[in-house]
Amino acid sequence: MNENIERKLAELGLMLPGQCTPRGNFLPYHQEGNLVFFAGQICEWNGDVPYQGPVISAGATNLSDGPWIDLDDGRKAAQISALNLLFHLRDACGGDFNRVKSVVRLGGFVNCQAGFDQSPAVINGASDLFIELFGDNGMHARTAVGVSGLPANASVEVDAIIALR
Amino acid sequence: MNENIERKLAELGLMLPGQCTPRGNFLPYHQEGNLVFFAGQICEWNGDVPYQGPVISAGATNLSDGPWIDLDDGRKAAQISALNLLFHLRDACGGDFNRVKSVVRLGGFVNCQAGFDQSPAVINGASDLFIELFGDNGMHARTAVGVSGLPANASVEVDAIIALR
Amino acid sequence: MNENIERKLAELGLMLPGQCTPRGNFLPYHQEGNLVFFAGQICEWNGDVPYQGPVISAGATNLSDGPWIDLDDGRKAAQISALNLLFHLRDACGGDFNRVKSVVRLGGFVNCQAGFDQSPAVINGASDLFIELFGDNGMHARTAVGVSGLPANASVEVDAIIALR
């Protein structure tokens with residue numbers, strides 16, 4: 001399945017990052033039994049943070065100072081968070097994605113202004129990728145909320161619990 | 001215990017919803033081992049969202065535009081989230097609530113304005129119901145926080161980890 | 001290791017609180033299998049909440065009314081949350097910290113204003129303590145986000161999943 005995952009990513013025009021380093025005193029993942037708990041991954045790419053600030057719904061008028069992004073870019077940001085999770089997942093399963101039994105749960109956090117109601121549409125950018133890559137094994141439970149601040153002012157952060165076999 | 005749960009709900013003047021469909025590309029729950037991870041459930045009722053906007057403490061003066069609700073309605077909203085979790089729990093345990101070993105953890109998110117300090121009182125609306133229905137087996141750990149945005153501008157979202165036997 | 005933990009705490013000039021009571025209808029922790037799920041602990045100390053309001057980055061100009069704290073105090077607040085988790089961990093492992101197999105995951109919530117980007121630096125105050133006390137066994141995955149409201153207007157809340165042997 002390894003070749004499958006890499007090939008599917010390439011077909012989607014995607015690749016894994018070359019690096020992804022925790023921005024604090026913590027591990028990117030911790031396995032206990034067959035459950036791997038992944039740290040929250042912001043939408044960073046090899047150290048840069050291409051999507052920053054709140055995700056804004058179409059028609060919003062209360063724009064804050066500073067950067068913001070729209071829903072389409074929000075979905076792309078969530079996809080980048082998923083790619084970072086996959087980078088660490090590859091390590092957690094010793095390079096063999098065949099060992100992925102199931103994606104159990106995603107937790108999605110969207111940088112937003114008060115009253116933002118579109119967190120599910122944003123976090124779908126991560127969920128869609130896991131399902132596209134792993135099929136039924138990628139189907140997962142999920143909680144998505146909007147929050148007032150994320151590390152490095154990233155637009156999206158996603159964490160995960162994934163079961164290995 | 002099935003009849004017990006249904007009877008207790010009726011005694012409380014409550015019932016389970018007729019439906020509860022995820023608002024994104026995810027499953028309502030995912031079981032791994034004997035732990036069932038439930039997706040966050042907003043305070044929706046058969047597709048409608050009766051409680052929307054931030055939960056406001058008595059005496060708050062910085063009211064935002066748009067809908068808001070008070071603490072009492074916040075507790076009712078959390079109870080509705082719990083009913084939606086129970087709807088999916090019934091499915092997860094094959095219709096037999098006797099299989100519920102213990103409610104392990106609830107995660108509560110309250111739509112709020114900056115500085116809101118009453119999230120525990122709100123999320124008690126969900127915790128109380130689980131404990132009323134399942135007794136000691138319903139006692140759980142919990143994290144409750146206030147956030148700036150929830151799906152569909154719902155006032156409350158609650159997720160859960162529940163152990164089956 | 002018990003004496004080790006108590007001695008290390010003393011060397012750091014720290015101690016466990018004398019009490020720490022849930023502020024809602026929930027348990028401080030719930031064990032299922034060898035995983036212990038700890039409820040979110042705010043930065044309270046024996047019932048008082050010494051650090052309240054948002055954590056503010058140096059140079060922030062949009063100060064809200066009411067209390068706020070700086071990053072250094074934010075780290076101290078996160079350390080207090082960790083001490084409360086350790087208070088309950090001592091109970092969960094029957095007073096024998098040798099039974100701690102590994103700190104699996106911390107979840108950190110920082111009371112903040114819109115756009116706050118320093119949640120990792122704040123939650124390091126909790127992570128550092130677990131690692132200092134438990135060494136490699138204290139290394140954990142983590143998610144840290146900024147939120148608009150915490151119980152009792154606390155500045156920090158941290159929850160945990162810890163594996164016992």
# chains A, B, ... in the order shown; residues from 1 in each chain; ligands from 1

$ select_by_dssp --residues "range 2-165 of chain A" --states "strand (DSSP E)" --output "JSON, numbers by chain"
{"A": [29, 30, 31, 32, 35, 36, 37, 38, 39, 40, 41, 42, 55, 56, 69, 70, 100, 101, 102, 103, 104, 105, 106, 107, 108, 109, 110, 111, 141, 142, 143, 144, 145, 146, 147, 156, 157, 158, 159, 160, 161, 162, 163, 164]}

$ write_last_selection --atoms "C-alpha atoms" --output "short mmCIF file (atom, residue, chain, number, x, y, z; two decimals), in the first residue's frame"
data_model
loop_
_atom_site.label_atom_id
_atom_site.label_comp_id
_atom_site.auth_asym_id
_atom_site.auth_seq_id
_atom_site.Cartn_x
_atom_site.Cartn_y
_atom_site.Cartn_z
CA TYR A 29 3.17 11.33 18.07
CA HIS A 30 3.01 8.84 20.90
CA GLN A 31 1.86 5.23 20.53
CA GLU A 32 0.17 3.33 23.35
CA LEU A 35 -3.39 3.58 19.13
CA VAL A 36 -1.12 6.38 17.93
CA PHE A 37 -1.94 9.83 19.29
CA PHE A 38 -0.68 12.53 16.91
CA ALA A 39 0.12 16.06 18.05
CA GLY A 40 -1.83 18.87 16.46
CA GLN A 41 -0.33 19.86 13.11
CA ILE A 42 -0.75 23.39 11.84
CA VAL A 55 -10.81 31.76 7.83
CA ILE A 56 -13.54 34.14 6.70
CA ILE A 69 -8.09 33.52 4.10
CA ASP A 70 -11.32 32.37 2.44
CA VAL A 100 -2.67 1.59 9.11
CA LYS A 101 -5.72 -0.23 10.45
CA SER A 102 -8.01 2.78 10.70
CA VAL A 103 -8.11 6.51 11.13
CA VAL A 104 -10.06 6.67 14.40
CA ARG A 105 -10.61 10.36 15.05
CA LEU A 106 -9.59 13.79 13.77
CA GLY A 107 -9.74 16.94 15.88
CA GLY A 108 -9.94 20.11 13.80
CA PHE A 109 -9.36 23.68 14.99
CA VAL A 110 -10.06 26.61 12.69
CA ASN A 111 -8.65 30.08 13.38
CA ALA A 141 -15.08 10.34 13.80
CA ARG A 142 -14.33 14.04 14.06
CA THR A 143 -14.77 17.19 16.13
CA ALA A 144 -14.32 20.56 14.39
CA VAL A 145 -14.48 23.90 16.18
CA GLY A 146 -13.44 27.51 15.59
CA VAL A 147 -10.90 29.03 17.95
CA VAL A 156 -5.89 25.51 10.74
CA GLU A 157 -4.64 22.86 13.15
CA VAL A 158 -5.61 19.17 13.02
CA ASP A 159 -4.71 16.32 15.38
CA ALA A 160 -5.49 12.61 15.03
CA ILE A 161 -5.80 9.23 16.66
CA ILE A 162 -4.88 6.42 14.26
CA ALA A 163 -4.93 2.66 14.93
CA LEU A 164 -2.14 0.46 13.56
#

$ calpha_fit_and_write --fixed "chain C" --moving "chain A" --output "mmCIF file with C-alpha atoms, in the first residue's frame"
data_model
loop_
_atom_site.group_PDB
_atom_site.id
_atom_site.type_symbol
_atom_site.label_atom_id
_atom_site.label_comp_id
_atom_site.auth_asym_id
_atom_site.auth_seq_id
_atom_site.Cartn_x
_atom_site.Cartn_y
_atom_site.Cartn_z
ATOM 1 C CA MET A 1 10.191 6.825 42.060
ATOM 2 C CA ASN A 2 7.662 8.349 44.451
ATOM 3 C CA GLU A 3 10.410 9.865 46.561
ATOM 4 C CA ASN A 4 12.083 10.912 43.326
ATOM 5 C CA ILE A 5 9.036 12.818 42.136
ATOM 6 C CA GLU A 6 8.453 14.526 45.465
ATOM 7 C CA ARG A 7 12.174 15.333 45.768
ATOM 8 C CA LYS A 8 12.403 16.655 42.215
ATOM 9 C CA LEU A 9 9.376 18.850 42.828
ATOM 10 C CA ALA A 10 10.961 20.224 46.011
ATOM 11 C CA GLU A 11 14.221 20.861 44.155
ATOM 12 C CA LEU A 12 12.234 22.902 41.643
ATOM 13 C CA GLY A 13 10.637 24.827 44.501
ATOM 14 C CA LEU A 14 7.281 23.237 43.721
ATOM 15 C CA MET A 15 4.736 21.165 45.602
ATOM 16 C CA LEU A 16 1.416 19.502 44.863
ATOM 17 C CA PRO A 17 -1.745 21.319 45.923
ATOM 18 C CA GLY A 18 -3.626 20.194 49.016
ATOM 19 C CA GLN A 19 -6.863 19.859 47.106
ATOM 20 C CA CYS A 20 -8.302 20.191 43.620
ATOM 21 C CA THR A 21 -12.037 19.761 43.228
ATOM 22 C CA PRO A 22 -13.900 19.531 39.895
ATOM 23 C CA ARG A 23 -15.956 22.659 39.135
ATOM 24 C CA GLY A 24 -18.783 20.688 37.545
ATOM 25 C CA ASN A 25 -20.513 17.318 37.553
ATOM 26 C CA PHE A 26 -17.533 15.230 36.437
ATOM 27 C CA LEU A 27 -14.639 13.118 37.723
ATOM 28 C CA PRO A 28 -11.033 14.312 37.842
ATOM 29 C CA TYR A 29 -10.007 11.197 35.886
ATOM 30 C CA HIS A 30 -11.364 7.981 34.454
ATOM 31 C CA GLN A 31 -9.276 4.895 33.725
ATOM 32 C CA GLU A 32 -10.142 2.456 30.941
ATOM 33 C CA GLY A 33 -7.664 -0.337 30.386
ATOM 34 C CA ASN A 34 -4.239 1.103 31.152
ATOM 35 C CA LEU A 35 -5.158 4.562 29.831
ATOM 36 C CA VAL A 36 -6.191 7.230 32.320
ATOM 37 C CA PHE A 37 -8.138 10.151 30.860
ATOM 38 C CA PHE A 38 -7.712 13.254 33.029
ATOM 39 C CA ALA A 39 -10.249 16.072 33.090
ATOM 40 C CA GLY A 40 -9.040 19.502 32.071
ATOM 41 C CA GLN A 41 -7.335 21.277 34.968
ATOM 42 C CA ILE A 42 -7.343 25.053 35.110
ATOM 43 C CA CYS A 43 -4.527 27.005 36.768
ATOM 44 C CA GLU A 44 -6.215 27.026 40.167
ATOM 45 C CA TRP A 45 -4.382 26.604 43.450
ATOM 46 C CA ASN A 46 -6.339 25.140 46.364
ATOM 47 C CA GLY A 47 -9.515 26.773 45.118
ATOM 48 C CA ASP A 48 -8.126 30.167 44.124
ATOM 49 C CA VAL A 49 -7.363 31.118 40.535
ATOM 50 C CA PRO A 50 -4.154 33.181 40.637
ATOM 51 C CA TYR A 51 -3.887 33.663 36.864
ATOM 52 C CA GLN A 52 -6.999 34.979 35.153
ATOM 53 C CA GLY A 53 -7.847 36.483 31.803
ATOM 54 C CA PRO A 54 -6.125 36.213 28.438
ATOM 55 C CA VAL A 55 -2.402 35.635 27.985
ATOM 56 C CA ILE A 56 -1.061 38.627 26.067
ATOM 57 C CA SER A 57 2.022 38.696 23.804
ATOM 58 C CA ALA A 58 4.634 41.388 24.372
ATOM 59 C CA GLY A 59 3.722 44.475 22.372
ATOM 60 C CA ALA A 60 0.010 43.710 22.088
ATOM 61 C CA THR A 61 -1.982 46.922 22.053
ATOM 62 C CA ASN A 62 -5.571 45.711 21.930
ATOM 63 C CA LEU A 63 -5.788 45.111 25.668
ATOM 64 C CA SER A 64 -9.242 44.193 26.887
ATOM 65 C CA ASP A 65 -10.808 45.356 30.099
ATOM 66 C CA GLY A 66 -10.244 43.071 33.015
ATOM 67 C CA PRO A 67 -7.282 40.983 34.087
ATOM 68 C CA TRP A 68 -4.646 39.655 31.705
ATOM 69 C CA ILE A 69 -1.211 38.079 32.113
ATOM 70 C CA ASP A 70 2.024 38.009 30.102
ATOM 71 C CA LEU A 71 3.790 35.001 28.564
ATOM 72 C CA ASP A 72 6.008 34.301 31.581
ATOM 73 C CA ASP A 73 2.999 34.157 33.865
ATOM 74 C CA GLY A 74 1.225 32.080 31.214
ATOM 75 C CA ARG A 75 3.963 29.457 31.511
ATOM 76 C CA LYS A 76 3.594 29.502 35.294
ATOM 77 C CA ALA A 77 -0.166 29.076 34.904
ATOM 78 C CA ALA A 78 0.394 26.023 32.681
ATOM 79 C CA GLN A 79 2.782 24.625 35.288
ATOM 80 C CA ILE A 80 0.054 24.983 37.929
ATOM 81 C CA SER A 81 -2.358 23.088 35.671
ATOM 82 C CA ALA A 82 0.294 20.350 35.460
ATOM 83 C CA LEU A 83 0.617 20.262 39.258
ATOM 84 C CA ASN A 84 -3.127 19.744 39.523
ATOM 85 C CA LEU A 85 -2.906 16.916 36.985
ATOM 86 C CA LEU A 86 -0.093 15.390 39.063
ATOM 87 C CA PHE A 87 -2.270 15.683 42.183
ATOM 88 C CA HIS A 88 -4.903 13.517 40.492
ATOM 89 C CA LEU A 89 -2.286 11.284 38.857
ATOM 90 C CA ARG A 90 -0.932 10.422 42.320
ATOM 91 C CA ASP A 91 -4.418 9.233 43.221
ATOM 92 C CA ALA A 92 -4.908 7.383 39.919
ATOM 93 C CA CYS A 93 -1.719 5.359 40.455
ATOM 94 C CA GLY A 94 -2.500 4.617 44.097
ATOM 95 C CA GLY A 95 0.223 6.912 45.345
ATOM 96 C CA ASP A 96 2.960 5.100 43.413
ATOM 97 C CA PHE A 97 4.328 7.249 40.582
ATOM 98 C CA ASN A 98 6.430 4.229 39.536
ATOM 99 C CA ARG A 99 3.258 2.986 37.879
ATOM 100 C CA VAL A 100 3.404 5.798 35.317
ATOM 101 C CA LYS A 101 4.340 4.111 32.045
ATOM 102 C CA SER A 102 4.126 7.176 29.829
ATOM 103 C CA VAL A 103 2.516 10.550 29.444
ATOM 104 C CA VAL A 104 0.673 9.940 26.160
ATOM 105 C CA ARG A 105 -0.895 13.267 25.264
ATOM 106 C CA LEU A 106 -1.515 16.734 26.680
ATOM 107 C CA GLY A 107 -4.277 19.031 25.459
ATOM 108 C CA GLY A 108 -3.592 22.697 26.196
ATOM 109 C CA PHE A 109 -6.090 25.569 26.041
ATOM 110 C CA VAL A 110 -4.909 29.152 26.455
ATOM 111 C CA ASN A 111 -7.337 31.980 27.267
ATOM 112 C CA CYS A 112 -6.510 34.554 24.577
ATOM 113 C CA GLN A 113 -7.583 37.405 22.369
ATOM 114 C CA ALA A 114 -8.119 36.978 18.628
ATOM 115 C CA GLY A 115 -4.910 36.197 16.771
ATOM 116 C CA PHE A 116 -2.810 35.056 19.745
ATOM 117 C CA ASP A 117 -0.018 32.917 18.292
ATOM 118 C CA GLN A 118 2.013 31.827 21.335
ATOM 119 C CA SER A 119 0.008 28.908 22.750
ATOM 120 C CA PRO A 120 2.976 26.484 22.373
ATOM 121 C CA ALA A 121 5.248 28.703 24.512
ATOM 122 C CA VAL A 122 2.563 28.883 27.195
ATOM 123 C CA ILE A 123 1.764 25.150 27.306
ATOM 124 C CA ASN A 124 5.496 24.344 27.463
ATOM 125 C CA GLY A 125 5.098 25.285 31.137
ATOM 126 C CA ALA A 126 3.149 22.041 31.590
ATOM 127 C CA SER A 127 5.148 19.909 29.144
ATOM 128 C CA ASP A 128 8.504 20.912 30.636
ATOM 129 C CA LEU A 129 7.403 19.814 34.112
ATOM 130 C CA PHE A 130 6.201 16.370 33.010
ATOM 131 C CA ILE A 131 9.451 15.796 31.120
ATOM 132 C CA GLU A 132 11.579 17.073 33.990
ATOM 133 C CA LEU A 133 9.829 14.729 36.428
ATOM 134 C CA PHE A 134 9.432 11.592 34.307
ATOM 135 C CA GLY A 135 12.265 11.882 31.770
ATOM 136 C CA ASP A 136 11.682 9.906 28.576
ATOM 137 C CA ASN A 137 8.433 8.539 30.032
ATOM 138 C CA GLY A 138 7.211 12.118 30.266
ATOM 139 C CA MET A 139 7.623 12.844 26.538
ATOM 140 C CA HIS A 140 4.195 13.255 24.963
ATOM 141 C CA ALA A 141 2.170 14.300 21.945
ATOM 142 C CA ARG A 142 0.319 17.572 22.378
ATOM 143 C CA THR A 143 -2.266 19.921 20.918
ATOM 144 C CA ALA A 144 -2.237 23.566 22.056
ATOM 145 C CA VAL A 145 -4.799 26.149 20.968
ATOM 146 C CA GLY A 146 -6.055 29.562 22.068
ATOM 147 C CA VAL A 147 -9.680 29.862 23.132
ATOM 148 C CA SER A 148 -12.021 32.701 24.053
ATOM 149 C CA GLY A 149 -13.210 31.470 27.435
ATOM 150 C CA LEU A 150 -12.107 29.107 30.215
ATOM 151 C CA PRO A 151 -13.779 28.081 33.499
ATOM 152 C CA ALA A 152 -13.494 30.758 36.210
ATOM 153 C CA ASN A 153 -11.801 32.980 33.606
ATOM 154 C CA ALA A 154 -8.599 30.977 34.179
ATOM 155 C CA SER A 155 -5.694 31.773 31.860
ATOM 156 C CA VAL A 156 -4.837 28.137 31.075
ATOM 157 C CA GLU A 157 -6.451 24.699 31.080
ATOM 158 C CA VAL A 158 -4.608 21.429 30.392
ATOM 159 C CA ASP A 159 -5.946 17.878 30.129
ATOM 160 C CA ALA A 160 -4.011 14.628 29.714
ATOM 161 C CA ILE A 161 -4.016 10.991 28.741
ATOM 162 C CA ILE A 162 -1.487 8.988 30.775
ATOM 163 C CA ALA A 163 -0.695 5.263 30.515
ATOM 164 C CA LEU A 164 -0.079 3.234 33.678
ATOM 165 C CA ARG A 165 1.669 -0.106 33.933
#

$ select_by_dssp --residues "range 20-157 of chain A" --states "helix (DSSP H, G or I)" --output "ChimeraX atom specification"
/A:71-92,97-99,119-138,151-153
